[in-house]
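Working notes, beginning with the structure itself.
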Amino acid sequence: MRTDIDTSIFKSYDVRGIVPAQLDEEIAYAIGRAFVEVLDRKNICIGRDMRPSGEAFMAALSRGANDAGADVTQVGLISTDAIYFAVGHYGFDGGIMITASHNPAEYNGFKFCREEAIAISIETGLAEVRDKAIAGDFKPPAARRGTVAQLDVLEAFAEHCLSFIDDVGAIKPFKIAIDAGNGMAGETVPRVFRHLPCTVIPMYFELDGTFPNHPASPIEPENMVDLQRAVIEHRCDLGVAFDGDADRMFLVDERGELIGGDIVTALVGIDTVRLNPGAKILYNLICSRSVPEAIERAGGVPVRSQVGHSFIKKTMRDENIPFGGEHSGHFYFKRNWFADSGMIALMQCLNVFSRAAGPVSSVIAPIDKRCRSGEINSTVADIPGTLQRLRERYRDAAIDALDGITIQYPDWWMNVRPSNTEPLLRLNVEGDSRELMERNRDEALAVIRE
């Protein structure tokens, strides 16, 4: 058993590393066995994305889980949101998704959840899994070795996603360019859209974990250029991009303009309130001020949250919130076991666009009225000292410390929060005009980088 496992592969919410230098089949075996022993799992499912090492890792994880006494159901090539669905829908007491999400081709990794698709983070069990995998101090092989079975869940997953459209017959016959980025949306999109009256212009639907066209990371604007061009060339009503494991989703309007994840949060929030009058809708504090305003106009109650799925899912469970969204393209649904799904978010956006008289841009325009900087990272030696300088510089503002510090004025605001893993501060600024945003962005960066 290996004792030289690189501990840096264990992140806050998952395992991720370069194959085979940091992550190989032996390490995967140890992690599978530790996952079952530490969390006392009996019946788990394991799925994978299209990365070349995924099949070998599935076999290794399964062997480890079997040796610890757990039965394994392999659900094959699947998106991350579909593994959450599988765990919740079929009643597994745990799940492992083999993916490195949007990371480059040389990476792979694992995401974990327990029963009811409850995600496992470093604070809720992953640290103990790490420690046992590294130590290799496993119990003797179980008297009853676990079994391996196969299950295709994607048709059931498609039906589940479609259930978030209240009237499939009312969906307009949109022409939609969809960029799968050679990721798992190439498998899930056809399963869903063959039940809808839409015409799909498929882009990079071939599963290829080497990502020959562009990185499967649509949060980076340069990876959206092909989709924007396709929307214009094919005169589409909208464009959609998914990341590698297809749990995040980003939109483009009919003019090829990017629509931020926070504005998608507002769109899905509006639709959720329509179906659940007076509902609470969660948004993270990096989202535009336009998001809570749109939710309130729709008759909902906006709930502000820290960034990160562990905070969001706990708040949603504690307060019974039907929907929550993040600027990063993660969207969470109570009816999806409080787990995130880009596909479900897209279904609800189609609800909204189908009910509107005009094009997608006309739906977005009343919501997206401000200018945002996007996230700007700065390496900082003294994070507490830098945050204190910002407090002093902007002491006449309304300041809160929900996540880093948020500094608010009537016509602009910013949030500065530390990275969980690096000596970085992350700055987000929004202004009621571009001039306000740029001026205050530059001034804040000068304070942060002095």
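Labels used: A, B, ... for chains in the order of the structure tokens, numbers from 1 for residues in each chain, and numbers from 1 for ligands as shown.
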With a cut-off of 10 Å, could you pull out the residues of region 157-262 of chain A touching region 282-301 of chain A and give me the nearest pair of atoms for each, distance in Å to one decimal, using only C-alpha atoms, ordered by chain and ascending number, as JSON lines?
```
{"residue": "A:Gly260", "atom": "CA", "partner": "A:Cys287", "partner_atom": "CA", "distance": 9.1}
{"residue": "A:Gly261", "atom": "CA", "partner": "A:Cys287", "partner_atom": "CA", "distance": 8.1}
{"residue": "A:Asp262", "atom": "CA", "partner": "A:Cys287", "partner_atom": "CA", "distance": 5.0}
```
Output N, CA and C atoms of each residue in that selection to a file, as a compact mmCIF listing (two decimals), in the first residue's frame.
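Output file out-v1.txt follows:
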```
# COMPACT_ATOMS: atom_id res chain seq x y z
N GLY A 260 -24.49 36.43 -17.34
CA GLY A 260 -23.79 35.97 -16.15
C GLY A 260 -24.58 34.94 -15.35
N GLY A 261 -23.85 34.13 -14.60
CA GLY A 261 -24.50 33.14 -13.74
C GLY A 261 -25.42 33.76 -12.71
N ASP A 262 -25.11 34.98 -12.29
CA ASP A 262 -26.00 35.64 -11.33
C ASP A 262 -27.32 36.03 -11.98
```
Quiz item: as a PyMOL selection string, which residues of region 39-270 of chain A does DSSP assign to strand (DSSP E or B)?
Solution: chain A and resi 43-48+71-77+94-98+107-114+119+148-150+175-179+199-203+238-242+249-252+258-259
Practice problem: Could you please determine the separation between CA of Val240 (chain A) and CA of Lys11 (chain A) in Å, to one decimal place? | Solution: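 Value for the CA of Val240 (chain A)-CA of Lys11 (chain A) distance: 28.7 Å.
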Quiz item: Which residue out of A:Ile448, A:Ile344, A:Ala68, A:Ile367 has the minimum interatomic distance to Ile263 (chain A) when only C-alpha atoms are used?
Solution: A:Ile367
Exercise. Find the residues near Arg144 (chain A): any atom within 12 Å, counting only C-alpha atoms, skip ones fewer than 4 places away on the same chain, and give them as a list in words.
Key: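 Listed by chain and then number, they are Lys42, Ala65, Asn66, Asp67, Ala68, Gly69, Ala70, Asp71 and Pro140 of chain A.
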Go ahead and dump the residues you just picked, C-alpha atoms, as a PDB file, in the first residue's frame.
```pdb
ATOM      1  CA  LYS A  42     -23.122  -0.253   2.397  1.00  0.00           C
ATOM      2  CA  ALA A  65     -15.254  -0.343  -1.870  1.00  0.00           C
ATOM      3  CA  ASN A  66     -15.893  -4.083  -2.380  1.00  0.00           C
ATOM      4  CA  ASP A  67     -12.987  -5.048  -0.125  1.00  0.00           C
ATOM      5  CA  ALA A  68     -14.502  -2.845   2.569  1.00  0.00           C
ATOM      6  CA  GLY A  69     -17.785  -4.749   2.189  1.00  0.00           C
ATOM      7  CA  ALA A  70     -19.863  -2.275   0.156  1.00  0.00           C
ATOM      8  CA  ASP A  71     -21.950  -3.168  -2.886  1.00  0.00           C
ATOM      9  CA  PRO A 140      -9.208  -6.838   7.300  1.00  0.00           C
TER      10      PRO A 140
END
```
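Distances here use only C-alpha atoms; by that measure, the residue among A:Ile31, A:Leu154, A:Asp403, A:Glu257 closest to Glu128 (chain A) is A:Ile31.
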Quiz item: Which value, in Å to one decimal, gives the distance between CA of Val75 (chain A) and CA of Ala149 (chain A)?
Solution: 8.7 Å
Could you give me the residues within region 2-198 of chain A that DSSP places in alpha helix (DSSP H), as a PDB file with N, CA and C atoms, in the first residue's frame?
```
ATOM      1  N   GLU A  25      -4.215   4.384  -9.980  1.00  0.00           N
ATOM      2  CA  GLU A  25      -5.195   3.370  -9.590  1.00  0.00           C
ATOM      3  C   GLU A  25      -5.004   2.892  -8.153  1.00  0.00           C
ATOM      4  N   GLU A  26      -3.766   2.824  -7.701  1.00  0.00           N
ATOM      5  CA  GLU A  26      -3.519   2.384  -6.327  1.00  0.00           C
ATOM      6  C   GLU A  26      -4.093   3.385  -5.329  1.00  0.00           C
ATOM      7  N   ILE A  27      -3.909   4.646  -5.614  1.00  0.00           N
ATOM      8  CA  ILE A  27      -4.477   5.680  -4.740  1.00  0.00           C
ATOM      9  C   ILE A  27      -6.002   5.649  -4.820  1.00  0.00           C
ATOM     10  N   ALA A  28      -6.541   5.454  -6.018  1.00  0.00           N
ATOM     11  CA  ALA A  28      -7.997   5.357  -6.160  1.00  0.00           C
ATOM     12  C   ALA A  28      -8.549   4.197  -5.337  1.00  0.00           C
ATOM     13  N   TYR A  29      -7.869   3.057  -5.357  1.00  0.00           N
ATOM     14  CA  TYR A  29      -8.295   1.909  -4.542  1.00  0.00           C
ATOM     15  C   TYR A  29      -8.342   2.304  -3.064  1.00  0.00           C
ATOM     16  N   ALA A  30      -7.275   2.949  -2.589  1.00  0.00           N
ATOM     17  CA  ALA A  30      -7.207   3.323  -1.174  1.00  0.00           C
ATOM     18  C   ALA A  30      -8.324   4.295  -0.812  1.00  0.00           C
ATOM     19  N   ILE A  31      -8.621   5.231  -1.705  1.00  0.00           N
ATOM     20  CA  ILE A  31      -9.674   6.213  -1.426  1.00  0.00           C
ATOM     21  C   ILE A  31     -11.038   5.532  -1.425  1.00  0.00           C
ATOM     22  N   GLY A  32     -11.288   4.623  -2.357  1.00  0.00           N
ATOM     23  CA  GLY A  32     -12.558   3.897  -2.369  1.00  0.00           C
ATOM     24  C   GLY A  32     -12.772   3.098  -1.108  1.00  0.00           C
ATOM     25  N   ARG A  33     -11.714   2.438  -0.651  1.00  0.00           N
ATOM     26  CA  ARG A  33     -11.832   1.628   0.565  1.00  0.00           C
ATOM     27  C   ARG A  33     -12.021   2.511   1.789  1.00  0.00           C
ATOM     28  N   ALA A  34     -11.262   3.616   1.851  1.00  0.00           N
ATOM     29  CA  ALA A  34     -11.383   4.535   2.983  1.00  0.00           C
ATOM     30  C   ALA A  34     -12.760   5.188   3.028  1.00  0.00           C
ATOM     31  N   PHE A  35     -13.297   5.552   1.870  1.00  0.00           N
ATOM     32  CA  PHE A  35     -14.623   6.169   1.795  1.00  0.00           C
ATOM     33  C   PHE A  35     -15.670   5.275   2.449  1.00  0.00           C
ATOM     34  N   VAL A  36     -15.643   3.997   2.137  1.00  0.00           N
ATOM     35  CA  VAL A  36     -16.629   3.062   2.686  1.00  0.00           C
ATOM     36  C   VAL A  36     -16.397   2.838   4.179  1.00  0.00           C
ATOM     37  N   GLU A  37     -15.138   2.659   4.576  1.00  0.00           N
ATOM     38  CA  GLU A  37     -14.854   2.365   5.990  1.00  0.00           C
ATOM     39  C   GLU A  37     -15.151   3.564   6.887  1.00  0.00           C
ATOM     40  N   VAL A  38     -14.687   4.738   6.490  1.00  0.00           N
ATOM     41  CA  VAL A  38     -14.844   5.926   7.341  1.00  0.00           C
ATOM     42  C   VAL A  38     -16.313   6.293   7.493  1.00  0.00           C
ATOM     43  N   LEU A  39     -17.067   6.225   6.397  1.00  0.00           N
ATOM     44  CA  LEU A  39     -18.456   6.681   6.417  1.00  0.00           C
ATOM     45  C   LEU A  39     -19.454   5.543   6.579  1.00  0.00           C
ATOM     46  N   GLY A  54     -10.669   7.498 -16.557  1.00  0.00           N
ATOM     47  CA  GLY A  54     -11.879   7.274 -15.770  1.00  0.00           C
ATOM     48  C   GLY A  54     -12.260   5.814 -15.605  1.00  0.00           C
ATOM     49  N   GLU A  55     -12.133   5.027 -16.671  1.00  0.00           N
ATOM     50  CA  GLU A  55     -12.558   3.634 -16.600  1.00  0.00           C
ATOM     51  C   GLU A  55     -11.690   2.849 -15.612  1.00  0.00           C
ATOM     52  N   ALA A  56     -10.372   3.055 -15.659  1.00  0.00           N
ATOM     53  CA  ALA A  56      -9.478   2.360 -14.722  1.00  0.00           C
ATOM     54  C   ALA A  56      -9.733   2.803 -13.284  1.00  0.00           C
ATOM     55  N   PHE A  57     -10.024   4.092 -13.094  1.00  0.00           N
ATOM     56  CA  PHE A  57     -10.308   4.576 -11.746  1.00  0.00           C
ATOM     57  C   PHE A  57     -11.625   4.006 -11.220  1.00  0.00           C
ATOM     58  N   MET A  58     -12.607   3.834 -12.100  1.00  0.00           N
ATOM     59  CA  MET A  58     -13.864   3.233 -11.652  1.00  0.00           C
ATOM     60  C   MET A  58     -13.620   1.811 -11.148  1.00  0.00           C
ATOM     61  N   ALA A  59     -12.818   1.054 -11.866  1.00  0.00           N
ATOM     62  CA  ALA A  59     -12.507  -0.317 -11.433  1.00  0.00           C
ATOM     63  C   ALA A  59     -11.770  -0.314 -10.110  1.00  0.00           C
ATOM     64  N   ALA A  60     -10.814   0.602  -9.945  1.00  0.00           N
ATOM     65  CA  ALA A  60     -10.024   0.649  -8.713  1.00  0.00           C
ATOM     66  C   ALA A  60     -10.864   1.080  -7.515  1.00  0.00           C
ATOM     67  N   LEU A  61     -11.684   2.107  -7.691  1.00  0.00           N
ATOM     68  CA  LEU A  61     -12.581   2.539  -6.609  1.00  0.00           C
ATOM     69  C   LEU A  61     -13.528   1.411  -6.221  1.00  0.00           C
ATOM     70  N   SER A  62     -14.042   0.708  -7.217  1.00  0.00           N
ATOM     71  CA  SER A  62     -14.974  -0.394  -6.950  1.00  0.00           C
ATOM     72  C   SER A  62     -14.299  -1.504  -6.158  1.00  0.00           C
ATOM     73  N   ARG A  63     -13.073  -1.852  -6.523  1.00  0.00           N
ATOM     74  CA  ARG A  63     -12.350  -2.890  -5.764  1.00  0.00           C
ATOM     75  C   ARG A  63     -12.163  -2.472  -4.317  1.00  0.00           C
ATOM     76  N   GLY A  64     -11.779  -1.222  -4.112  1.00  0.00           N
ATOM     77  CA  GLY A  64     -11.589  -0.746  -2.744  1.00  0.00           C
ATOM     78  C   GLY A  64     -12.875  -0.785  -1.942  1.00  0.00           C
ATOM     79  N   ALA A  65     -13.959  -0.329  -2.557  1.00  0.00           N
ATOM     80  CA  ALA A  65     -15.254  -0.343  -1.870  1.00  0.00           C
ATOM     81  C   ALA A  65     -15.707  -1.776  -1.596  1.00  0.00           C
ATOM     82  N   ASN A  66     -15.516  -2.672  -2.567  1.00  0.00           N
ATOM     83  CA  ASN A  66     -15.893  -4.083  -2.380  1.00  0.00           C
ATOM     84  C   ASN A  66     -15.106  -4.723  -1.248  1.00  0.00           C
ATOM     85  N   ASP A  67     -13.811  -4.449  -1.182  1.00  0.00           N
ATOM     86  CA  ASP A  67     -12.987  -5.048  -0.125  1.00  0.00           C
ATOM     87  C   ASP A  67     -13.399  -4.555   1.257  1.00  0.00           C
ATOM     88  N   THR A  80     -22.072  15.004 -13.456  1.00  0.00           N
ATOM     89  CA  THR A  80     -22.053  15.074 -11.989  1.00  0.00           C
ATOM     90  C   THR A  80     -23.450  15.285 -11.422  1.00  0.00           C
ATOM     91  N   ASP A  81     -24.261  16.117 -12.076  1.00  0.00           N
ATOM     92  CA  ASP A  81     -25.605  16.309 -11.529  1.00  0.00           C
ATOM     93  C   ASP A  81     -26.435  15.035 -11.641  1.00  0.00           C
ATOM     94  N   ALA A  82     -26.124  14.181 -12.615  1.00  0.00           N
ATOM     95  CA  ALA A  82     -26.851  12.911 -12.723  1.00  0.00           C
ATOM     96  C   ALA A  82     -26.450  11.925 -11.639  1.00  0.00           C
ATOM     97  N   ILE A  83     -25.213  12.014 -11.131  1.00  0.00           N
ATOM     98  CA  ILE A  83     -24.829  11.114 -10.033  1.00  0.00           C
ATOM     99  C   ILE A  83     -25.560  11.525  -8.759  1.00  0.00           C
ATOM    100  N   TYR A  84     -25.741  12.841  -8.565  1.00  0.00           N
ATOM    101  CA  TYR A  84     -26.533  13.277  -7.411  1.00  0.00           C
ATOM    102  C   TYR A  84     -27.963  12.752  -7.531  1.00  0.00           C
ATOM    103  N   PHE A  85     -28.515  12.854  -8.734  1.00  0.00           N
ATOM    104  CA  PHE A  85     -29.853  12.311  -8.973  1.00  0.00           C
ATOM    105  C   PHE A  85     -29.896  10.819  -8.672  1.00  0.00           C
ATOM    106  N   ALA A  86     -28.911  10.069  -9.131  1.00  0.00           N
ATOM    107  CA  ALA A  86     -28.905   8.620  -8.933  1.00  0.00           C
ATOM    108  C   ALA A  86     -28.908   8.265  -7.458  1.00  0.00           C
ATOM    109  N   VAL A  87     -28.070   8.955  -6.689  1.00  0.00           N
ATOM    110  CA  VAL A  87     -28.005   8.665  -5.247  1.00  0.00           C
ATOM    111  C   VAL A  87     -29.358   8.939  -4.596  1.00  0.00           C
ATOM    112  N   GLY A  88     -29.943  10.093  -4.897  1.00  0.00           N
ATOM    113  CA  GLY A  88     -31.220  10.437  -4.281  1.00  0.00           C
ATOM    114  C   GLY A  88     -32.372   9.582  -4.768  1.00  0.00           C
ATOM    115  N   HIS A  89     -32.462   9.378  -6.073  1.00  0.00           N
ATOM    116  CA  HIS A  89     -33.614   8.699  -6.668  1.00  0.00           C
ATOM    117  C   HIS A  89     -33.635   7.201  -6.362  1.00  0.00           C
ATOM    118  N   TYR A  90     -32.480   6.567  -6.408  1.00  0.00           N
ATOM    119  CA  TYR A  90     -32.427   5.115  -6.218  1.00  0.00           C
ATOM    120  C   TYR A  90     -32.088   4.705  -4.793  1.00  0.00           C
ATOM    121  N   ALA A 127     -11.701  14.793   5.209  1.00  0.00           N
ATOM    122  CA  ALA A 127     -10.406  14.790   5.910  1.00  0.00           C
ATOM    123  C   ALA A 127     -10.121  13.419   6.510  1.00  0.00           C
ATOM    124  N   GLU A 128     -11.144  12.773   7.069  1.00  0.00           N
ATOM    125  CA  GLU A 128     -10.957  11.442   7.650  1.00  0.00           C
ATOM    126  C   GLU A 128     -10.696  10.399   6.565  1.00  0.00           C
ATOM    127  N   VAL A 129     -11.378  10.546   5.414  1.00  0.00           N
ATOM    128  CA  VAL A 129     -11.097   9.659   4.275  1.00  0.00           C
ATOM    129  C   VAL A 129      -9.644   9.830   3.840  1.00  0.00           C
ATOM    130  N   ARG A 130      -9.203  11.058   3.738  1.00  0.00           N
ATOM    131  CA  ARG A 130      -7.805  11.355   3.381  1.00  0.00           C
ATOM    132  C   ARG A 130      -6.839  10.681   4.333  1.00  0.00           C
ATOM    133  N   ASP A 131      -7.069  10.869   5.632  1.00  0.00           N
ATOM    134  CA  ASP A 131      -6.126  10.347   6.619  1.00  0.00           C
ATOM    135  C   ASP A 131      -6.048   8.820   6.580  1.00  0.00           C
ATOM    136  N   LYS A 132      -7.195   8.173   6.411  1.00  0.00           N
ATOM    137  CA  LYS A 132      -7.186   6.700   6.361  1.00  0.00           C
ATOM    138  C   LYS A 132      -6.547   6.206   5.065  1.00  0.00           C
ATOM    139  N   ALA A 133      -6.826   6.864   3.965  1.00  0.00           N
ATOM    140  CA  ALA A 133      -6.226   6.447   2.697  1.00  0.00           C
ATOM    141  C   ALA A 133      -4.710   6.579   2.742  1.00  0.00           C
ATOM    142  N   ILE A 134      -4.229   7.657   3.334  1.00  0.00           N
ATOM    143  CA  ILE A 134      -2.780   7.881   3.418  1.00  0.00           C
ATOM    144  C   ILE A 134      -2.126   6.876   4.361  1.00  0.00           C
ATOM    145  N   ALA A 135      -2.769   6.641   5.511  1.00  0.00           N
ATOM    146  CA  ALA A 135      -2.199   5.705   6.492  1.00  0.00           C
ATOM    147  C   ALA A 135      -2.290   4.257   6.020  1.00  0.00           C
ATOM    148  N   LEU A 154     -29.529   7.494 -17.090  1.00  0.00           N
ATOM    149  CA  LEU A 154     -29.661   8.758 -17.814  1.00  0.00           C
ATOM    150  C   LEU A 154     -31.062   9.016 -18.350  1.00  0.00           C
ATOM    151  N   GLU A 155     -31.812   7.981 -18.715  1.00  0.00           N
ATOM    152  CA  GLU A 155     -33.193   8.222 -19.159  1.00  0.00           C
ATOM    153  C   GLU A 155     -34.044   8.720 -17.994  1.00  0.00           C
ATOM    154  N   ALA A 156     -33.874   8.113 -16.827  1.00  0.00           N
ATOM    155  CA  ALA A 156     -34.614   8.568 -15.646  1.00  0.00           C
ATOM    156  C   ALA A 156     -34.191   9.980 -15.260  1.00  0.00           C
ATOM    157  N   PHE A 157     -32.892  10.275 -15.414  1.00  0.00           N
ATOM    158  CA  PHE A 157     -32.399  11.627 -15.126  1.00  0.00           C
ATOM    159  C   PHE A 157     -33.029  12.642 -16.071  1.00  0.00           C
ATOM    160  N   ALA A 158     -33.134  12.289 -17.358  1.00  0.00           N
ATOM    161  CA  ALA A 158     -33.753  13.196 -18.328  1.00  0.00           C
ATOM    162  C   ALA A 158     -35.202  13.490 -17.944  1.00  0.00           C
ATOM    163  N   GLU A 159     -35.939  12.454 -17.560  1.00  0.00           N
ATOM    164  CA  GLU A 159     -37.331  12.650 -17.130  1.00  0.00           C
ATOM    165  C   GLU A 159     -37.397  13.577 -15.921  1.00  0.00           C
ATOM    166  N   HIS A 160     -36.460  13.396 -15.007  1.00  0.00           N
ATOM    167  CA  HIS A 160     -36.414  14.239 -13.806  1.00  0.00           C
ATOM    168  C   HIS A 160     -36.188  15.700 -14.197  1.00  0.00           C
ATOM    169  N   CYS A 161     -35.230  15.952 -15.078  1.00  0.00           N
ATOM    170  CA  CYS A 161     -34.962  17.332 -15.509  1.00  0.00           C
ATOM    171  C   CYS A 161     -36.189  17.940 -16.189  1.00  0.00           C
ATOM    172  N   LEU A 162     -36.836  17.172 -17.047  1.00  0.00           N
ATOM    173  CA  LEU A 162     -38.010  17.663 -17.769  1.00  0.00           C
ATOM    174  C   LEU A 162     -39.173  17.964 -16.833  1.00  0.00           C
ATOM    175  N   ALA A 185     -22.072  16.816 -21.287  1.00  0.00           N
ATOM    176  CA  ALA A 185     -23.317  17.330 -21.872  1.00  0.00           C
ATOM    177  C   ALA A 185     -23.564  16.718 -23.244  1.00  0.00           C
ATOM    178  N   GLY A 186     -22.502  16.252 -23.910  1.00  0.00           N
ATOM    179  CA  GLY A 186     -22.683  15.559 -25.175  1.00  0.00           C
ATOM    180  C   GLY A 186     -23.497  14.287 -25.043  1.00  0.00           C
ATOM    181  N   GLU A 187     -23.546  13.749 -23.829  1.00  0.00           N
ATOM    182  CA  GLU A 187     -24.338  12.552 -23.548  1.00  0.00           C
ATOM    183  C   GLU A 187     -25.708  12.903 -22.979  1.00  0.00           C
ATOM    184  N   THR A 188     -25.787  13.931 -22.142  1.00  0.00           N
ATOM    185  CA  THR A 188     -27.039  14.231 -21.449  1.00  0.00           C
ATOM    186  C   THR A 188     -27.981  15.107 -22.268  1.00  0.00           C
ATOM    187  N   VAL A 189     -27.446  16.050 -23.042  1.00  0.00           N
ATOM    188  CA  VAL A 189     -28.309  16.966 -23.799  1.00  0.00           C
ATOM    189  C   VAL A 189     -29.225  16.222 -24.771  1.00  0.00           C
ATOM    190  N   PRO A 190     -28.717  15.270 -25.584  1.00  0.00           N
ATOM    191  CA  PRO A 190     -29.638  14.576 -26.500  1.00  0.00           C
ATOM    192  C   PRO A 190     -30.744  13.821 -25.775  1.00  0.00           C
ATOM    193  N   ARG A 191     -30.456  13.284 -24.597  1.00  0.00           N
ATOM    194  CA  ARG A 191     -31.471  12.533 -23.840  1.00  0.00           C
ATOM    195  C   ARG A 191     -32.619  13.445 -23.412  1.00  0.00           C
ATOM    196  N   VAL A 192     -32.296  14.686 -23.079  1.00  0.00           N
ATOM    197  CA  VAL A 192     -33.321  15.631 -22.627  1.00  0.00           C
ATOM    198  C   VAL A 192     -34.035  16.278 -23.812  1.00  0.00           C
ATOM    199  N   PHE A 193     -33.277  16.761 -24.783  1.00  0.00           N
ATOM    200  CA  PHE A 193     -33.865  17.607 -25.827  1.00  0.00           C
ATOM    201  C   PHE A 193     -34.646  16.837 -26.871  1.00  0.00           C
TER     202      PHE A 193
END
```
